[in-house]
>>> print(open('upload_36.tsv').read())   # TSV, C-alpha atoms and all ligand atoms
chain	number	residue	atom	x	y	z
A	3	MET	CA	-5.26	31.27	7.98
A	4	SER	CA	-6.34	29.92	4.63
A	5	GLN	CA	-9.53	27.89	4.39
A	6	ASN	CA	-8.05	25.51	1.86
A	7	PRO	CA	-7.98	22.11	3.61
A	8	PHE	CA	-4.99	21.10	1.49
A	9	ASP	CA	-2.93	23.71	3.28
A	10	ARG	CA	-3.04	21.55	6.36
A	11	GLN	CA	-0.64	18.99	4.97
A	12	ALA	CA	2.02	19.23	7.62
A	13	PRO	CA	4.77	16.63	7.35
A	14	ILE	CA	4.90	14.04	10.12
A	15	PRO	CA	8.05	14.69	12.11
A	16	GLY	CA	10.52	11.84	11.71
A	17	ILE	CA	8.93	10.33	8.58
A	18	LYS	CA	10.91	10.89	5.38
A	19	HIS	CA	8.63	9.39	2.73
A	20	ILE	CA	4.99	8.44	2.70
A	21	LEU	CA	3.95	5.96	0.03
A	22	VAL	CA	0.39	4.93	-0.76
A	23	VAL	CA	-0.57	1.65	-2.41
A	24	GLY	CA	-3.91	1.83	-4.14
A	25	SER	CA	-6.07	0.76	-7.03
A	26	GLY	CA	-9.59	1.32	-8.16
A	27	LYS	CA	-10.48	-2.34	-8.01
A	28	GLY	CA	-10.88	-4.59	-5.00
A	29	GLY	CA	-9.00	-7.84	-4.57
A	30	VAL	CA	-6.18	-7.13	-7.01
A	31	GLY	CA	-3.48	-7.46	-4.34
A	32	LYS	CA	-3.01	-4.00	-2.83
A	33	SER	CA	-2.51	-5.30	0.68
A	34	THR	CA	-0.22	-8.08	-0.55
A	35	VAL	CA	1.89	-5.52	-2.42
A	36	ALA	CA	1.88	-3.04	0.49
A	37	VAL	CA	3.00	-5.67	3.02
A	38	ASN	CA	5.70	-7.18	0.81
A	39	LEU	CA	6.95	-3.80	-0.40
A	40	ALA	CA	7.30	-2.70	3.22
A	41	MET	CA	9.15	-5.92	4.09
A	42	ALA	CA	11.43	-5.58	1.06
A	43	LEU	CA	12.28	-1.96	1.93
A	44	LYS	CA	13.07	-3.09	5.47
A	45	LYS	CA	15.30	-5.86	4.14
A	46	SER	CA	17.27	-3.28	2.18
A	47	GLY	CA	18.14	-1.62	5.47
A	48	HIS	CA	15.43	1.00	5.88
A	49	GLN	CA	13.24	1.87	8.84
A	50	VAL	CA	9.71	1.17	7.68
A	51	GLY	CA	6.20	1.62	9.01
A	52	LEU	CA	3.08	0.01	7.59
A	53	MET	CA	-0.32	1.58	8.01
A	54	ASP	CA	-3.61	-0.05	7.19
A	55	ALA	CA	-5.86	2.72	5.94
A	56	ASP	CA	-8.43	0.19	4.80
A	57	ILE	CA	-10.65	0.96	7.73
A	58	TYR	CA	-13.59	-0.86	6.14
A	59	GLY	CA	-11.73	-4.15	5.64
A	60	PRO	CA	-8.42	-4.10	7.48
A	61	SER	CA	-6.39	-7.14	6.50
A	62	LEU	CA	-2.91	-6.25	7.71
A	63	PRO	CA	-3.29	-7.71	11.24
A	64	ARG	CA	-3.89	-11.16	9.74
A	65	MET	CA	-1.26	-10.78	7.02
A	66	MET	CA	1.37	-9.70	9.54
A	67	GLY	CA	0.52	-12.30	12.16
A	68	ALA	CA	-0.86	-9.73	14.58
A	69	LEU	CA	-4.49	-10.77	14.98
A	70	GLN	CA	-6.14	-9.93	18.29
A	71	GLN	CA	-3.30	-7.65	19.28
A	72	LYS	CA	-3.94	-4.34	20.95
A	73	PRO	CA	-1.41	-1.55	20.69
A	74	GLU	CA	-0.35	0.05	23.96
A	75	VAL	CA	-0.38	3.69	24.87
A	76	ASN	CA	2.99	5.04	25.99
A	77	GLU	CA	3.72	7.48	28.83
A	78	LYS	CA	3.29	10.42	26.44
A	79	GLY	CA	-0.24	9.26	25.60
A	80	GLN	CA	0.79	8.14	22.10
A	81	ILE	CA	-0.31	4.87	20.53
A	82	GLN	CA	2.64	2.51	20.22
A	83	PRO	CA	2.67	0.75	16.84
A	84	LEU	CA	3.10	-3.01	17.00
A	85	LEU	CA	6.42	-4.41	15.88
A	86	ARG	CA	6.06	-7.35	13.47
A	87	HIS	CA	8.79	-8.84	11.28
A	88	GLY	CA	10.78	-5.66	11.92
A	89	LEU	CA	8.00	-3.31	10.73
A	90	LYS	CA	6.07	-0.79	12.78
A	91	LEU	CA	2.46	-1.63	12.22
A	92	MET	CA	-0.79	0.22	12.77
A	93	SER	CA	-4.25	-0.86	11.68
A	94	MET	CA	-7.84	-0.06	12.39
A	95	GLY	CA	-8.09	-3.82	12.78
A	96	PHE	CA	-6.40	-3.40	16.18
A	97	MET	CA	-9.23	-1.16	17.30
A	98	VAL	CA	-12.19	-3.25	16.11
A	99	ASP	CA	-12.70	-6.99	16.03
A	100	GLU	CA	-12.18	-8.85	12.76
A	101	GLY	CA	-15.56	-9.23	11.13
A	102	ALA	CA	-17.03	-6.16	12.82
A	103	ALA	CA	-18.22	-3.49	10.41
A	104	VAL	CA	-16.94	0.05	10.69
A	105	VAL	CA	-19.61	2.51	9.67
A	106	TRP	CA	-18.22	6.00	9.63
A	107	ARG	CA	-19.07	9.31	8.16
A	108	GLY	CA	-16.48	11.64	6.68
A	109	PRO	CA	-15.63	13.66	9.82
A	110	MET	CA	-15.05	10.52	11.92
A	111	LEU	CA	-12.84	9.12	9.24
A	112	PHE	CA	-10.93	12.37	9.10
A	113	LYS	CA	-10.39	12.22	12.86
A	114	ALA	CA	-9.30	8.58	12.88
A	115	MET	CA	-6.81	9.18	10.09
A	116	ASP	CA	-5.47	12.19	11.93
A	117	GLN	CA	-4.88	9.99	14.98
A	118	PHE	CA	-3.09	7.43	12.87
A	119	PHE	CA	-0.74	10.11	11.61
A	120	ARG	CA	-0.27	12.34	14.63
A	121	ASP	CA	-0.96	10.25	17.73
A	122	VAL	CA	0.96	7.11	16.78
A	123	ALA	CA	4.57	6.99	17.98
A	124	TRP	CA	6.03	6.17	14.55
A	125	GLY	CA	9.47	7.48	15.51
A	126	GLU	CA	12.08	7.82	12.77
A	127	LEU	CA	11.01	6.18	9.50
A	128	ASP	CA	12.52	6.20	6.04
A	129	TYR	CA	9.19	5.03	4.61
A	130	LEU	CA	5.63	4.83	5.81
A	131	VAL	CA	3.74	2.51	3.45
A	132	ILE	CA	-0.03	3.03	3.48
A	133	ASP	CA	-2.42	0.33	2.27
A	134	LEU	CA	-5.49	2.07	0.85
A	135	PRO	CA	-8.96	0.55	0.51
A	136	PRO	CA	-10.25	-0.11	-3.02
A	137	GLY	CA	-11.80	2.72	-4.96
A	138	THR	CA	-11.38	6.44	-5.09
A	139	GLY	CA	-13.30	7.36	-1.98
A	140	ASP	CA	-12.92	9.28	1.24
A	141	VAL	CA	-9.87	7.53	2.64
A	142	ALA	CA	-7.53	8.33	-0.24
A	143	LEU	CA	-8.77	11.90	-0.26
A	144	THR	CA	-8.31	12.20	3.47
A	145	VAL	CA	-4.77	10.85	3.34
A	146	ALA	CA	-3.92	13.23	0.51
A	147	GLN	CA	-5.31	16.13	2.49
A	148	LYS	CA	-3.64	15.21	5.75
A	149	VAL	CA	-0.06	14.50	4.82
A	150	PRO	CA	2.39	15.10	1.99
A	151	VAL	CA	2.49	11.85	0.04
A	152	SER	CA	5.77	11.20	-1.81
A	153	GLY	CA	4.27	8.80	-4.30
A	154	ALA	CA	1.56	6.33	-5.21
A	155	ILE	CA	1.95	2.75	-6.34
A	156	VAL	CA	-1.01	1.48	-8.31
A	157	VAL	CA	-1.77	-2.24	-8.33
A	158	CYS	CA	-3.45	-3.79	-11.33
A	159	THR	CA	-4.04	-7.28	-12.69
A	160	PRO	CA	-3.51	-7.85	-16.43
A	161	GLN	CA	-7.08	-7.79	-17.69
A	162	ASN	CA	-8.88	-4.69	-18.96
A	163	MET	CA	-11.57	-5.07	-16.32
A	164	ALA	CA	-8.94	-4.16	-13.71
A	165	LEU	CA	-7.34	-1.50	-15.89
A	166	ILE	CA	-10.57	0.48	-16.14
A	167	ASP	CA	-10.61	0.87	-12.36
A	168	ALA	CA	-6.86	1.38	-12.05
A	169	LYS	CA	-7.16	4.30	-14.49
A	170	LYS	CA	-9.68	5.91	-12.16
A	171	ALA	CA	-7.24	5.58	-9.27
A	172	MET	CA	-4.43	7.06	-11.37
A	173	ASP	CA	-6.71	9.91	-12.40
A	174	MET	CA	-7.49	10.55	-8.73
A	175	PHE	CA	-3.80	10.58	-7.77
A	176	GLU	CA	-3.05	12.98	-10.61
A	177	ARG	CA	-5.83	15.31	-9.52
A	178	LEU	CA	-4.52	15.22	-5.96
A	179	ARG	CA	-1.03	15.94	-7.32
A	180	ILE	CA	0.34	12.78	-5.78
A	181	PRO	CA	3.20	11.60	-8.01
A	182	ILE	CA	2.46	8.19	-9.53
A	183	LEU	CA	5.59	6.10	-9.13
A	184	GLY	CA	4.21	3.42	-11.38
A	185	VAL	CA	2.13	0.31	-11.62
A	186	VAL	CA	2.63	-3.16	-10.21
A	187	GLU	CA	1.12	-5.83	-12.40
A	188	ASN	CA	0.05	-8.49	-9.94
A	189	MET	CA	-0.92	-12.07	-10.78
A	190	SER	CA	0.84	-11.33	-14.01
A	191	TYR	CA	1.37	-14.97	-14.94
A	192	PHE	CA	1.74	-18.41	-13.41
A	193	VAL	CA	4.77	-20.62	-14.00
A	194	ASN	CA	3.80	-24.21	-14.69
A	195	PRO	CA	5.97	-26.23	-12.27
A	196	GLU	CA	5.99	-29.18	-14.70
A	197	ASN	CA	7.70	-27.45	-17.60
A	198	GLN	CA	8.41	-23.86	-16.39
A	199	GLU	CA	6.06	-22.55	-19.06
A	200	ARG	CA	4.42	-19.19	-18.33
A	201	ILE	CA	0.66	-19.42	-18.18
A	202	GLN	CA	-1.42	-16.29	-18.58
A	203	LEU	CA	-4.17	-16.51	-15.95
A	204	PHE	CA	-6.07	-13.43	-17.09
A	205	PRO	CA	-6.54	-12.17	-20.62
A	206	GLN	CA	-3.76	-9.67	-21.35
A	207	GLY	CA	-5.37	-6.26	-21.64
A	208	ASP	CA	-4.10	-2.86	-22.69
A	209	LEU	CA	-2.05	-2.07	-19.59
A	210	ASN	CA	1.30	-1.92	-21.39
A	211	ASN	CA	-0.04	0.36	-24.12
A	212	TYR	CA	-1.69	2.58	-21.56
A	213	LEU	CA	1.49	2.89	-19.50
A	214	LYS	CA	3.47	3.75	-22.61
A	215	ALA	CA	0.98	6.39	-23.70
A	216	LYS	CA	0.94	7.99	-20.25
A	217	ASN	CA	4.67	7.58	-19.70
A	218	PHE	CA	4.09	5.63	-16.51
A	219	THR	CA	6.48	2.92	-15.36
A	220	LYS	CA	5.66	-0.72	-14.77
A	221	LEU	CA	7.52	-1.19	-11.51
A	222	ALA	CA	7.21	-4.96	-11.28
A	223	GLU	CA	5.37	-8.00	-12.53
A	224	VAL	CA	4.44	-10.29	-9.67
A	225	PRO	CA	3.62	-13.85	-10.69
A	226	PHE	CA	0.65	-15.71	-9.25
A	227	HIS	CA	1.56	-18.43	-6.79
A	228	PRO	CA	-0.62	-20.10	-4.14
A	229	HIS	CA	2.23	-19.56	-1.67
A	230	VAL	CA	1.58	-15.83	-1.78
A	231	ALA	CA	-1.93	-16.32	-0.43
A	232	LEU	CA	-0.80	-19.02	2.01
A	233	SER	CA	1.93	-16.75	3.36
A	234	SER	CA	-0.62	-14.01	3.95
A	235	GLU	CA	-2.96	-16.36	5.76
A	236	ALA	CA	-0.08	-17.61	7.90
A	237	GLY	CA	0.89	-14.07	8.86
A	238	VAL	CA	4.40	-14.17	7.38
A	239	PRO	CA	4.80	-12.17	4.16
A	240	MET	CA	6.33	-13.89	1.15
A	241	VAL	CA	9.45	-11.70	1.20
A	242	GLU	CA	10.15	-13.09	4.67
A	243	SER	CA	8.94	-16.68	4.31
A	244	GLN	CA	10.37	-17.45	0.84
A	245	PRO	CA	12.84	-14.69	0.01
A	246	ASP	CA	14.31	-16.48	-3.01
A	247	SER	CA	10.98	-17.18	-4.73
A	248	PRO	CA	10.23	-15.34	-8.00
A	249	GLU	CA	7.36	-13.55	-6.23
A	250	ALA	CA	9.59	-12.29	-3.42
A	251	LEU	CA	12.23	-11.23	-5.97
A	252	ALA	CA	9.57	-9.23	-7.82
A	253	PHE	CA	8.75	-7.41	-4.57
A	254	GLN	CA	12.46	-6.77	-4.01
A	255	LYS	CA	12.66	-5.27	-7.48
A	256	LEU	CA	9.70	-3.06	-6.65
A	257	ALA	CA	11.46	-1.86	-3.48
A	258	GLN	CA	14.60	-1.09	-5.49
A	259	GLU	CA	12.61	0.95	-8.01
A	260	VAL	CA	10.94	2.87	-5.20
A	261	GLY	CA	14.34	3.46	-3.57
A	262	VAL	CA	15.75	4.88	-6.80
A	263	LYS	CA	12.77	7.23	-7.15
A	264	ALA	CA	13.14	8.26	-3.52
A	265	ILE	CA	16.61	9.64	-4.24
A	266	ASP	CA	14.99	12.05	-6.71
A	267	TRP	CA	12.25	13.22	-4.39
A	268	SER	CA	12.76	16.65	-3.04
A	269	ALA	CA	11.70	17.61	0.46
A	270	GLU	CA	9.35	20.10	-1.14
A	271	SER	CA	6.16	18.45	-2.43
A	272	PRO	CA	4.04	20.34	-4.98
A	273	ALA	CA	0.91	22.06	-3.70
A	274	PRO	CA	-1.99	19.69	-4.32
A	275	LEU	CA	-4.99	20.68	-6.35
A	276	GLN	CA	-8.45	20.98	-4.95
A	277	PRO	CA	-10.31	17.78	-6.00
A	301	LIG	N1	0.59	-12.82	-6.64
A	301	LIG	C1	-0.36	-13.50	-5.99
A	301	LIG	N2	-0.43	-14.86	-6.07
A	301	LIG	C2	-1.40	-15.55	-5.42
A	301	LIG	N3	-2.35	-14.99	-4.66
A	301	LIG	C3	-2.32	-13.64	-4.53
A	301	LIG	C4	-1.34	-12.83	-5.17
A	301	LIG	N4	-1.57	-11.53	-4.85
A	301	LIG	C5	-2.66	-11.54	-4.04
A	301	LIG	N5	-3.11	-12.79	-3.84
A	301	LIG	C6	-4.28	-13.21	-3.05
A	301	LIG	O1	-5.43	-12.57	-3.59
A	301	LIG	C7	-6.31	-12.18	-2.56
A	301	LIG	C8	-6.53	-10.66	-2.62
A	301	LIG	O2	-5.29	-10.01	-2.31
A	301	LIG	P1	-5.25	-8.72	-1.38
A	301	LIG	O3	-6.03	-8.91	-0.15
A	301	LIG	O4	-3.82	-8.33	-1.26
A	301	LIG	O5	-6.01	-7.71	-2.35
A	301	LIG	P2	-6.57	-6.25	-2.05
A	301	LIG	O6	-6.50	-5.51	-3.34
A	301	LIG	O7	-5.87	-5.65	-0.89
A	301	LIG	O8	-8.07	-6.55	-1.65
A	301	LIG	P3	-9.14	-5.53	-1.02
A	301	LIG	O9	-9.61	-4.70	-2.16
A	301	LIG	O10	-10.18	-6.43	-0.45
A	301	LIG	O11	-8.41	-4.72	0.01
A	301	LIG	C9	-5.67	-12.63	-1.24
A	301	LIG	O12	-6.17	-13.88	-0.91
A	301	LIG	C10	-4.19	-12.72	-1.60
A	301	LIG	O13	-3.50	-13.64	-0.78
A	302	MG	MG	-6.61	-4.84	0.92
>>> encode(input="upload_36.tsv", output="structure tokens", more="lines below")
Ligand SMILES: Nc1ncnc2c1ncn2[C@@H]1O[C@H](COP(=O)(O)OP(=O)(O)OP(=O)(O)O)[C@@H](O)[C@H]1O
Ligand SMILES: [Mg+2]
Amino acid sequence: MSQNPFDRQAPIPGIKHILVVGSGKGGVGKSTVAVNLAMALKKSGHQVGLMDADIYGPSLPRMMGALQQKPEVNEKGQIQPLLRHGLKLMSMGFMVDEGAAVVWRGPMLFKAMDQFFRDVAWGELDYLVIDLPPGTGDVALTVAQKVPVSGAIVVCTPQNMALIDAKKAMDMFERLRIPILGVVENMSYFVNPENQERIQLFPQGDLNNYLKAKNFTKLAEVPFHPHVALSSEAGVPMVESQPDSPEALAFQKLAQEVGVKAIDWSAESPAPLQP
């Protein structure tokens, strides 16, 4: 047997496409995008799972209204994902209390991720959406090593400060041979309710030029709206709570783009490079 750890990327039976949502920078809206993308894919008729791989700061239990829930173990000894808003949900947040710190070394992380992939009864899924922690660290590498990822969605806010970090994430995905589906520009603008004028909240950086130069797609521009944050706090994602809002429509557009790309994906994923 080969010693290359990347050879161990066995597909998860029953799961058609694995998508990761990441970015180099913290707080740009990865979890918000992951949750709403998953909801939007579900609304278009797909079977969808949502996995919180942000083991250091899991936020999906709160955002999906599943705080203080504990998944059950079924008769086969598999962990049963929670069902919330029609999504199958798994998070390290179910294993540790909110506020408790997870301090893990690489091998423990590797084992926990393996459990999330192999010991959770995901069943048949069209998409498993994985919310990654910020940065280009162990978790993203572990996911890339463990399972064949169909594509990455990179979240960025408009300013160059965020772009610098997003570039690092894109570089990492390229090196891991994970196809980059494109970038979501989050908190792109705010619409003044008084006069419908678009207000730029962050200085517009070089994202558009960068995407053009690299031939990457901007998958969606999600406006800023306090309702997005309120929805998350209340545990009902925007796509569910206010489906006709411009923010929810932007997430629907993102899901459509991902769906179109999914048609092109072959079952055969390219062999990843050693990092
Ligand atoms: N379009 C938006 N409009 C308003 N608030 C938003 C929007 N997108 C995200 N937020 C808010 O910004 C904060 C950060 O978002 P989120 O937790 O999704 O980011 P993250 O990138 O996952 O963060 P972390 O790096 O900590 O995992 C949250 O309070 C969220 O509700
Ligand atoms: Mg997050």
>>> atom_distance(input="upload_36.tsv", atom1="atom CA of A:Leu232", atom2="atom CA of A:Asp208")
29.7 Å
>>> residues_near_point(input="upload_36.tsv", point="(8.6, 14.1, 12.4)", cutoff="12 Å", atoms="all atoms listed in the file", output="ChimeraX atom specification")
/A:12-20,119-130,149
>>> residues_near_ligand(input="upload_36.tsv", ligand="ligand MG 302 (chain A)", cutoff="6 Å", atoms="only C-alpha atoms and all ligand atoms", output="JSON, numbers by chain")
{"A": [32, 33, 135]}
>>> residues_near_ligand(input="upload_36.tsv", ligand="ligand LIG 301 (chain A)", cutoff="6 Å", atoms="all atoms listed in the file", output="list of chain:residue names")
A:Gly28, A:Gly29, A:Val30, A:Gly31, A:Lys32, A:Ser33, A:Thr34, A:Pro135, A:Pro136, A:Asn188, A:Met189, A:Val224, A:Pro225, A:Phe226, A:His227, A:Pro228, A:Val230, A:Ala231, A:Ser234
>>> closest_residue(input="upload_36.tsv", among="A:Pro245, A:Gly67, A:Gly137, A:Pro239", to="A:Asp173", atoms="all atoms listed in the file")
A:Gly137
>>> closest_residue(input="upload_36.tsv", among="A:Lys78, A:His229, A:Lys169, A:Arg64", to="A:Leu209", atoms="all atoms listed in the file")
A:Lys169
>>> decode(input="upload_36.tsv", residues="stretch 34-76 of chain A", atoms="C-alpha atoms", output="PDB file, in the first residue's frame")
ATOM      1  CA  THR A  34     -23.348  32.371   7.303  1.00  0.00           C
ATOM      2  CA  VAL A  35     -22.619  31.423   3.687  1.00  0.00           C
ATOM      3  CA  ALA A  36     -22.285  27.703   4.494  1.00  0.00           C
ATOM      4  CA  VAL A  37     -25.604  27.588   6.365  1.00  0.00           C
ATOM      5  CA  ASN A  38     -27.550  29.599   3.800  1.00  0.00           C
ATOM      6  CA  LEU A  39     -25.992  27.798   0.839  1.00  0.00           C
ATOM      7  CA  ALA A  40     -26.995  24.480   2.395  1.00  0.00           C
ATOM      8  CA  MET A  41     -30.538  25.768   2.990  1.00  0.00           C
ATOM      9  CA  ALA A  42     -30.788  27.131  -0.552  1.00  0.00           C
ATOM     10  CA  LEU A  43     -29.600  23.830  -2.054  1.00  0.00           C
ATOM     11  CA  LYS A  44     -32.205  22.040   0.062  1.00  0.00           C
ATOM     12  CA  LYS A  45     -34.903  24.429  -1.137  1.00  0.00           C
ATOM     13  CA  SER A  46     -34.023  23.555  -4.717  1.00  0.00           C
ATOM     14  CA  GLY A  47     -34.944  19.967  -3.946  1.00  0.00           C
ATOM     15  CA  HIS A  48     -31.640  18.407  -2.933  1.00  0.00           C
ATOM     16  CA  GLN A  49     -30.724  16.221   0.016  1.00  0.00           C
ATOM     17  CA  VAL A  50     -28.175  18.233   1.956  1.00  0.00           C
ATOM     18  CA  GLY A  51     -25.928  17.725   4.959  1.00  0.00           C
ATOM     19  CA  LEU A  52     -24.107  20.466   6.832  1.00  0.00           C
ATOM     20  CA  MET A  53     -20.932  19.770   8.744  1.00  0.00           C
ATOM     21  CA  ASP A  54     -19.235  22.153  11.116  1.00  0.00           C
ATOM     22  CA  ALA A  55     -15.520  21.527  10.731  1.00  0.00           C
ATOM     23  CA  ASP A  56     -14.739  24.607  12.779  1.00  0.00           C
ATOM     24  CA  ILE A  57     -13.845  22.526  15.776  1.00  0.00           C
ATOM     25  CA  TYR A  58     -12.207  25.482  17.506  1.00  0.00           C
ATOM     26  CA  GLY A  59     -15.256  27.753  17.282  1.00  0.00           C
ATOM     27  CA  PRO A  60     -18.304  25.783  16.173  1.00  0.00           C
ATOM     28  CA  SER A  61     -21.145  28.163  15.429  1.00  0.00           C
ATOM     29  CA  LEU A  62     -23.572  25.999  13.481  1.00  0.00           C
ATOM     30  CA  PRO A  63     -25.525  24.688  16.511  1.00  0.00           C
ATOM     31  CA  ARG A  64     -26.539  28.253  17.385  1.00  0.00           C
ATOM     32  CA  MET A  65     -27.126  29.312  13.784  1.00  0.00           C
ATOM     33  CA  MET A  66     -29.338  26.288  13.132  1.00  0.00           C
ATOM     34  CA  GLY A  67     -31.280  26.499  16.382  1.00  0.00           C
ATOM     35  CA  ALA A  68     -29.734  23.327  17.769  1.00  0.00           C
ATOM     36  CA  LEU A  69     -27.917  24.527  20.876  1.00  0.00           C
ATOM     37  CA  GLN A  70     -27.533  22.017  23.693  1.00  0.00           C
ATOM     38  CA  GLN A  71     -28.603  19.161  21.470  1.00  0.00           C
ATOM     39  CA  LYS A  72     -26.848  15.831  21.587  1.00  0.00           C
ATOM     40  CA  PRO A  73     -26.920  13.537  18.590  1.00  0.00           C
ATOM     41  CA  GLU A  74     -28.001   9.961  19.258  1.00  0.00           C
ATOM     42  CA  VAL A  75     -26.203   6.792  18.358  1.00  0.00           C
ATOM     43  CA  ASN A  76     -28.235   4.388  16.242  1.00  0.00           C
TER      44      ASN A  76
END
